[in-house]
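Engineer: So here's coords07.cif, just mmCIF, N, CA and C atoms and all ligand atoms:
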data_my_file
loop_
_atom_site.label_atom_id
_atom_site.label_comp_id
_atom_site.auth_asym_id
_atom_site.auth_seq_id
_atom_site.Cartn_x
_atom_site.Cartn_y
_atom_site.Cartn_z
N MET A 1 83.91 98.32 116.62
CA MET A 1 82.86 97.38 116.16
C MET A 1 82.07 98.01 115.01
N ILE A 2 81.29 97.17 114.35
CA ILE A 2 80.52 97.66 113.20
C ILE A 2 79.03 97.45 113.46
N CYS A 3 78.26 98.50 113.25
CA CYS A 3 76.80 98.43 113.41
C CYS A 3 76.23 97.48 112.37
N ASN A 4 75.44 96.50 112.83
CA ASN A 4 74.91 95.54 111.86
C ASN A 4 73.62 96.02 111.20
N LYS A 5 73.20 97.25 111.55
CA LYS A 5 72.01 97.82 110.90
C LYS A 5 72.42 98.70 109.70
N CYS A 6 73.42 99.61 109.95
CA CYS A 6 73.83 100.51 108.87
C CYS A 6 75.24 100.20 108.35
N GLY A 7 75.99 99.33 109.07
CA GLY A 7 77.30 98.91 108.60
C GLY A 7 78.41 99.90 108.84
N ARG A 8 78.13 100.97 109.60
CA ARG A 8 79.17 101.97 109.88
C ARG A 8 80.05 101.52 111.04
N GLN A 9 81.29 102.06 111.06
CA GLN A 9 82.21 101.83 112.16
C GLN A 9 81.71 102.61 113.38
N VAL A 10 81.57 101.93 114.52
CA VAL A 10 81.07 102.57 115.74
C VAL A 10 82.11 102.38 116.84
N ILE A 11 82.23 103.40 117.71
CA ILE A 11 83.19 103.32 118.82
C ILE A 11 82.88 102.10 119.68
N GLU A 12 83.93 101.36 120.03
CA GLU A 12 83.78 100.17 120.87
C GLU A 12 83.16 100.55 122.21
N GLY A 13 82.13 99.86 122.62
CA GLY A 13 81.50 100.12 123.90
C GLY A 13 80.31 101.06 123.83
N ALA A 14 80.02 101.62 122.65
CA ALA A 14 78.87 102.51 122.50
C ALA A 14 77.58 101.70 122.61
N ASN A 15 76.58 102.31 123.27
CA ASN A 15 75.32 101.59 123.45
C ASN A 15 74.40 101.75 122.25
N PHE A 16 74.52 102.91 121.59
CA PHE A 16 73.67 103.14 120.42
C PHE A 16 74.52 103.61 119.25
N CYS A 17 74.14 103.23 118.06
CA CYS A 17 74.85 103.67 116.86
C CYS A 17 74.59 105.16 116.64
N PRO A 18 75.65 106.00 116.55
CA PRO A 18 75.46 107.45 116.35
C PRO A 18 74.89 107.78 114.97
N VAL A 19 74.95 106.86 114.05
CA VAL A 19 74.48 107.12 112.68
C VAL A 19 73.00 106.79 112.53
N CYS A 20 72.64 105.57 112.91
CA CYS A 20 71.25 105.15 112.69
C CYS A 20 70.48 104.96 114.00
N GLY A 21 71.20 104.99 115.14
CA GLY A 21 70.51 104.88 116.42
C GLY A 21 70.15 103.47 116.83
N ALA A 22 70.70 102.49 116.16
CA ALA A 22 70.40 101.10 116.49
C ALA A 22 70.95 100.75 117.87
N ASP A 23 70.23 99.88 118.59
CA ASP A 23 70.67 99.45 119.91
C ASP A 23 71.83 98.47 119.76
N LEU A 24 73.03 98.91 120.18
CA LEU A 24 74.22 98.08 119.99
C LEU A 24 74.47 97.15 121.17
N ARG A 25 73.77 97.39 122.27
CA ARG A 25 73.97 96.52 123.44
C ARG A 25 73.55 95.10 123.08
N TYR A 26 72.45 95.01 122.37
CA TYR A 26 71.94 93.71 121.95
C TYR A 26 72.94 93.02 121.04
N GLN A 27 73.48 93.79 120.09
CA GLN A 27 74.42 93.25 119.13
C GLN A 27 75.68 92.74 119.82
N ARG A 28 76.16 93.54 120.79
CA ARG A 28 77.40 93.20 121.48
C ARG A 28 77.21 91.92 122.30
N ASN A 29 76.08 91.83 122.99
CA ASN A 29 75.81 90.63 123.79
C ASN A 29 75.67 89.41 122.90
N ASN A 30 75.13 89.63 121.74
CA ASN A 30 74.93 88.54 120.80
C ASN A 30 76.26 88.01 120.26
N ASN A 31 77.21 88.93 120.09
CA ASN A 31 78.47 88.57 119.45
C ASN A 31 79.51 88.02 120.43
N SER A 32 79.39 88.39 121.69
CA SER A 32 80.44 88.05 122.64
C SER A 32 80.67 86.55 122.69
N GLY A 33 81.93 86.17 122.55
CA GLY A 33 82.29 84.76 122.66
C GLY A 33 82.10 83.98 121.38
N SER A 34 81.37 84.53 120.43
CA SER A 34 81.14 83.79 119.20
C SER A 34 82.19 84.18 118.16
N SER A 35 82.05 83.69 116.96
CA SER A 35 83.04 83.92 115.91
C SER A 35 82.98 85.36 115.39
N GLY A 36 81.98 86.12 115.80
CA GLY A 36 81.82 87.48 115.29
C GLY A 36 82.74 88.50 115.92
N TYR A 37 83.60 88.08 116.83
CA TYR A 37 84.48 89.03 117.51
C TYR A 37 85.51 89.61 116.55
N ILE A 38 85.61 90.93 116.52
CA ILE A 38 86.60 91.61 115.68
C ILE A 38 87.53 92.39 116.60
N ASN A 39 88.82 92.14 116.46
CA ASN A 39 89.80 92.84 117.28
C ASN A 39 89.87 94.31 116.85
N PRO A 40 89.66 95.26 117.78
CA PRO A 40 89.67 96.68 117.40
C PRO A 40 91.04 97.15 116.91
N ASN A 41 92.11 96.43 117.30
CA ASN A 41 93.46 96.81 116.87
C ASN A 41 93.81 96.21 115.52
N ASP A 42 92.91 95.40 114.98
CA ASP A 42 93.19 94.71 113.72
C ASP A 42 92.91 95.63 112.54
N GLU A 43 93.98 96.06 111.88
CA GLU A 43 93.83 96.92 110.70
C GLU A 43 94.83 96.49 109.64
N THR A 44 94.48 96.72 108.38
CA THR A 44 95.45 96.46 107.33
C THR A 44 96.56 97.50 107.47
N ASN A 45 97.79 97.06 107.30
CA ASN A 45 98.93 97.96 107.53
C ASN A 45 99.93 97.79 106.39
N PHE A 46 100.09 98.86 105.63
CA PHE A 46 100.98 98.79 104.46
C PHE A 46 102.44 98.61 104.87
N GLY A 47 102.76 99.08 106.09
CA GLY A 47 104.13 98.92 106.59
C GLY A 47 104.51 97.45 106.69
N TYR A 48 103.55 96.63 107.15
CA TYR A 48 103.82 95.21 107.27
C TYR A 48 103.88 94.54 105.90
N THR A 49 103.09 95.10 104.95
CA THR A 49 103.16 94.58 103.58
C THR A 49 104.56 94.78 103.02
N LEU A 50 105.11 95.99 103.24
CA LEU A 50 106.47 96.29 102.77
C LEU A 50 107.49 95.40 103.47
N LEU A 51 107.32 95.26 104.78
CA LEU A 51 108.24 94.43 105.56
C LEU A 51 108.27 93.00 105.02
N SER A 52 107.09 92.45 104.78
CA SER A 52 106.99 91.08 104.26
C SER A 52 107.54 90.99 102.85
N PHE A 53 107.41 92.10 102.12
CA PHE A 53 107.90 92.12 100.75
C PHE A 53 109.42 91.98 100.72
N PHE A 54 110.07 92.73 101.60
CA PHE A 54 111.54 92.72 101.61
C PHE A 54 112.10 91.56 102.43
N MET A 55 111.34 91.11 103.43
CA MET A 55 111.80 90.00 104.26
C MET A 55 110.70 88.95 104.37
N PRO A 56 110.53 88.13 103.33
CA PRO A 56 109.43 87.16 103.27
C PRO A 56 109.40 86.20 104.45
N TYR A 57 110.58 85.86 104.99
CA TYR A 57 110.59 84.91 106.11
C TYR A 57 109.91 85.52 107.33
N ILE A 58 110.23 86.79 107.60
CA ILE A 58 109.61 87.49 108.72
C ILE A 58 108.11 87.64 108.46
N GLY A 59 107.76 87.97 107.22
CA GLY A 59 106.36 88.11 106.85
C GLY A 59 105.57 86.84 107.08
N LEU A 60 106.21 85.71 106.76
CA LEU A 60 105.55 84.41 106.93
C LEU A 60 105.30 84.14 108.41
N VAL A 61 106.30 84.43 109.24
CA VAL A 61 106.17 84.22 110.69
C VAL A 61 105.06 85.11 111.25
N LEU A 62 105.07 86.40 110.86
CA LEU A 62 104.05 87.35 111.34
C LEU A 62 102.66 86.90 110.90
N TYR A 63 102.57 86.41 109.67
CA TYR A 63 101.27 85.96 109.15
C TYR A 63 100.71 84.83 110.00
N ILE A 64 101.58 83.86 110.31
CA ILE A 64 101.14 82.70 111.11
C ILE A 64 100.75 83.15 112.52
N VAL A 65 101.56 84.07 113.09
CA VAL A 65 101.31 84.53 114.46
C VAL A 65 100.00 85.31 114.54
N TRP A 66 99.74 86.16 113.52
CA TRP A 66 98.59 87.07 113.58
C TRP A 66 97.33 86.54 112.93
N LEU A 67 97.44 85.38 112.29
CA LEU A 67 96.31 84.87 111.49
C LEU A 67 95.00 84.84 112.28
N LYS A 68 95.05 84.38 113.53
CA LYS A 68 93.83 84.24 114.32
C LYS A 68 93.43 85.54 115.01
N GLU A 69 94.44 86.23 115.59
CA GLU A 69 94.14 87.40 116.40
C GLU A 69 93.92 88.66 115.56
N PHE A 70 94.77 88.83 114.52
CA PHE A 70 94.68 90.02 113.66
C PHE A 70 94.61 89.60 112.19
N PRO A 71 93.45 89.09 111.77
CA PRO A 71 93.35 88.58 110.39
C PRO A 71 93.66 89.62 109.32
N LYS A 72 93.26 90.89 109.55
CA LYS A 72 93.51 91.93 108.54
C LYS A 72 95.00 92.22 108.43
N ARG A 73 95.65 92.34 109.60
CA ARG A 73 97.08 92.61 109.61
C ARG A 73 97.83 91.44 109.00
N ALA A 74 97.38 90.23 109.31
CA ALA A 74 98.01 89.04 108.75
C ALA A 74 97.88 89.03 107.23
N LYS A 75 96.73 89.53 106.75
CA LYS A 75 96.51 89.55 105.31
C LYS A 75 97.45 90.56 104.64
N SER A 76 97.72 91.67 105.34
CA SER A 76 98.69 92.65 104.84
C SER A 76 100.05 91.99 104.66
N CYS A 77 100.42 91.18 105.66
CA CYS A 77 101.69 90.46 105.61
C CYS A 77 101.68 89.48 104.44
N LEU A 78 100.55 88.79 104.29
CA LEU A 78 100.45 87.78 103.24
C LEU A 78 100.59 88.42 101.86
N ASN A 79 99.96 89.59 101.67
CA ASN A 79 100.07 90.29 100.38
C ASN A 79 101.52 90.62 100.06
N GLY A 80 102.23 91.18 101.05
CA GLY A 80 103.64 91.51 100.86
C GLY A 80 104.46 90.27 100.62
N LEU A 81 104.11 89.22 101.36
CA LEU A 81 104.81 87.94 101.25
C LEU A 81 104.71 87.38 99.84
N ILE A 82 103.49 87.38 99.30
CA ILE A 82 103.26 86.84 97.95
C ILE A 82 104.01 87.68 96.93
N ALA A 83 103.90 89.03 97.05
CA ALA A 83 104.59 89.92 96.12
C ALA A 83 106.10 89.71 96.20
N GLY A 84 106.60 89.55 97.44
CA GLY A 84 108.02 89.34 97.64
C GLY A 84 108.49 88.05 97.01
N ILE A 85 107.71 86.97 97.19
CA ILE A 85 108.09 85.67 96.65
C ILE A 85 108.07 85.72 95.12
N ILE A 86 107.05 86.40 94.55
CA ILE A 86 106.98 86.51 93.09
C ILE A 86 108.22 87.24 92.57
N CYS A 87 108.61 88.32 93.26
CA CYS A 87 109.79 89.09 92.86
C CYS A 87 111.05 88.24 92.95
N ILE A 88 111.15 87.43 94.00
CA ILE A 88 112.32 86.57 94.18
C ILE A 88 112.38 85.56 93.04
N ILE A 89 111.21 84.99 92.68
CA ILE A 89 111.16 84.02 91.58
C ILE A 89 111.59 84.68 90.27
N ILE A 90 111.06 85.89 90.03
CA ILE A 90 111.41 86.62 88.80
C ILE A 90 112.91 86.92 88.78
N LEU A 91 113.41 87.38 89.93
CA LEU A 91 114.84 87.71 90.06
C LEU A 91 115.68 86.46 89.82
N PHE A 92 115.24 85.35 90.42
CA PHE A 92 115.96 84.09 90.29
C PHE A 92 116.00 83.65 88.82
N CYS A 93 114.85 83.78 88.14
CA CYS A 93 114.77 83.41 86.73
C CYS A 93 115.71 84.28 85.89
N CYS A 94 115.75 85.57 86.19
CA CYS A 94 116.62 86.49 85.46
C CYS A 94 118.07 86.12 85.66
N VAL A 95 118.45 85.88 86.92
CA VAL A 95 119.84 85.53 87.23
C VAL A 95 120.18 84.20 86.57
N TYR A 96 119.26 83.25 86.66
CA TYR A 96 119.52 81.92 86.12
C TYR A 96 119.69 81.97 84.61
N SER A 97 118.76 82.68 83.94
CA SER A 97 118.85 82.77 82.48
C SER A 97 120.09 83.57 82.08
N GLY A 98 120.45 84.56 82.89
CA GLY A 98 121.65 85.34 82.65
C GLY A 98 122.89 84.47 82.74
N ARG A 99 122.88 83.56 83.73
CA ARG A 99 124.03 82.68 83.92
C ARG A 99 124.16 81.69 82.77
N SER A 100 123.03 81.09 82.38
CA SER A 100 123.10 80.10 81.31
C SER A 100 123.52 80.77 80.00
N HIS A 101 123.18 82.07 79.87
CA HIS A 101 123.62 82.82 78.71
C HIS A 101 125.12 82.98 78.70
N SER A 102 125.64 83.41 79.87
CA SER A 102 127.07 83.66 79.94
C SER A 102 127.84 82.35 79.81
N ASN A 103 127.22 81.23 80.26
CA ASN A 103 127.87 79.92 80.11
C ASN A 103 128.06 79.57 78.64
N SER A 104 126.99 79.74 77.88
CA SER A 104 127.07 79.40 76.46
C SER A 104 128.02 80.37 75.75
N TRP A 105 128.11 81.58 76.28
CA TRP A 105 129.01 82.57 75.70
C TRP A 105 130.46 82.14 75.95
N HIS A 106 130.68 81.52 77.13
CA HIS A 106 132.03 81.10 77.47
C HIS A 106 132.45 79.88 76.65
N ARG A 107 131.46 79.04 76.31
CA ARG A 107 131.78 77.82 75.59
C ARG A 107 132.41 78.17 74.22
N ILE A 108 131.83 79.25 73.61
CA ILE A 108 132.45 79.71 72.37
C ILE A 108 133.48 80.76 72.77
N SER A 109 134.67 80.35 72.98
CA SER A 109 135.71 81.27 73.43
C SER A 109 136.14 82.17 72.27
N PRO A 110 136.52 83.41 72.58
CA PRO A 110 136.92 84.35 71.53
C PRO A 110 138.03 83.80 70.64
N GLU A 111 138.94 83.03 71.23
CA GLU A 111 140.06 82.47 70.47
C GLU A 111 139.60 81.55 69.37
N SER A 112 138.63 80.68 69.72
CA SER A 112 138.14 79.71 68.73
C SER A 112 137.40 80.42 67.60
N VAL A 113 136.71 81.53 67.94
CA VAL A 113 136.00 82.29 66.91
C VAL A 113 136.99 82.93 65.97
N ILE A 114 138.04 83.50 66.54
CA ILE A 114 139.07 84.19 65.73
C ILE A 114 139.79 83.18 64.83
N SER A 115 140.16 82.03 65.40
CA SER A 115 140.90 81.04 64.61
C SER A 115 140.04 80.47 63.49
N GLU A 116 138.70 80.41 63.77
CA GLU A 116 137.79 79.91 62.73
C GLU A 116 137.73 80.89 61.56
N LYS A 117 137.70 82.19 61.93
CA LYS A 117 137.56 83.23 60.92
C LYS A 117 138.85 83.37 60.09
N THR A 118 139.98 83.36 60.79
CA THR A 118 141.25 83.62 60.11
C THR A 118 141.87 82.35 59.53
N GLY A 119 141.41 81.20 60.05
CA GLY A 119 141.93 79.95 59.53
C GLY A 119 143.28 79.56 60.08
N VAL A 120 143.62 80.19 61.25
CA VAL A 120 144.93 79.85 61.86
C VAL A 120 144.83 78.57 62.65
ZN ZN B 1 74.05 102.06 112.62
#
Could you quickly redo this structure as structure tokens?
Structural biologist:
Amino acid sequence: MICNKCGRQVIEGANFCPVCGADLRYQRNNNSGSSGYINPNDETNFGYTLLSFFMPYIGLVLYIVWLKEFPKRAKSCLNGLIAGIICIIILFCCVYSGRSHSNSWHRISPESVISEKTGV
């Protein structure tokens, strides 16, 4: 949990903030059941960012599953997911433009170029 007086990370279940000495019992009772609940296991994880980057479908599923319970972890997945999708789009554009290039290259066959030049 986070002390709402000094903003430092405090051990879950502590009665007083070790940094500023604020009474955390009041804060905890105030937060319980409300939207202020933060899952102690919720952390940003670069591993999940990488996973989502290489496997966007899995990243999307993890993001949806964790969105409510682990918002930070879900955001890690989302970051990887977005980066992965952008890379796929860039890759797709490269392959597509590469293909259309080779298509136009094929249309002008070497034989027709040679016959044009030599006049055969
Ligand atoms: Zn404090």
Engineer: For region 38-50 of chain A, find every residue with an atom within 12 Å (counting only C-alpha atoms), except residues of its own chain fewer than 6 positions away, and show them as a count of residues only.
Structural biologist: 36
Engineer: Hey, which bits of chain A sit within 5 Å of ligand ZN 1 (chain B), and for each residue what's the closest pair of atoms and how far apart in Å (one decimal), counting only N, CA and C atoms and all ligand atoms, rows by chain and increasing number, as CSV?
Structural biologist:
residue,atom,partner,partner_atom,distance
A:Cys3,CA,B:ZN1,ZN,4.6
A:Lys5,C,B:ZN1,ZN,4.7
A:Cys6,N,B:ZN1,ZN,3.7
A:Gly7,N,B:ZN1,ZN,4.9
A:Cys17,CA,B:ZN1,ZN,4.6
A:Val19,C,B:ZN1,ZN,4.8
A:Cys20,N,B:ZN1,ZN,3.8
A:Gly21,N,B:ZN1,ZN,4.8
A:Ala22,N,B:ZN1,ZN,4.9
Engineer: What does the structure give for the distance between CA of Ile86 (chain A) and CA of Leu51 (chain A), in Å to one decimal?
Structural biologist: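 Here the two named atoms are 14.8 Å from each other.
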Engineer: Hey, can you check how far CA of Ile88 (chain A) sits from CA of Met55 (chain A)?
Structural biologist: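 Atom-to-atom, CA of Ile88 (chain A) to CA of Met55 (chain A), that is 10.7 Å.
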Engineer: Give me, please, the distance in Å between atom N of Arg8 (chain A) and atom C of Asp23 (chain A), quoted to one decimal.
Structural biologist: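 Spanning atom N of Arg8 (chain A) to atom C of Asp23 (chain A) is a straight-line distance of 12.2 Å.
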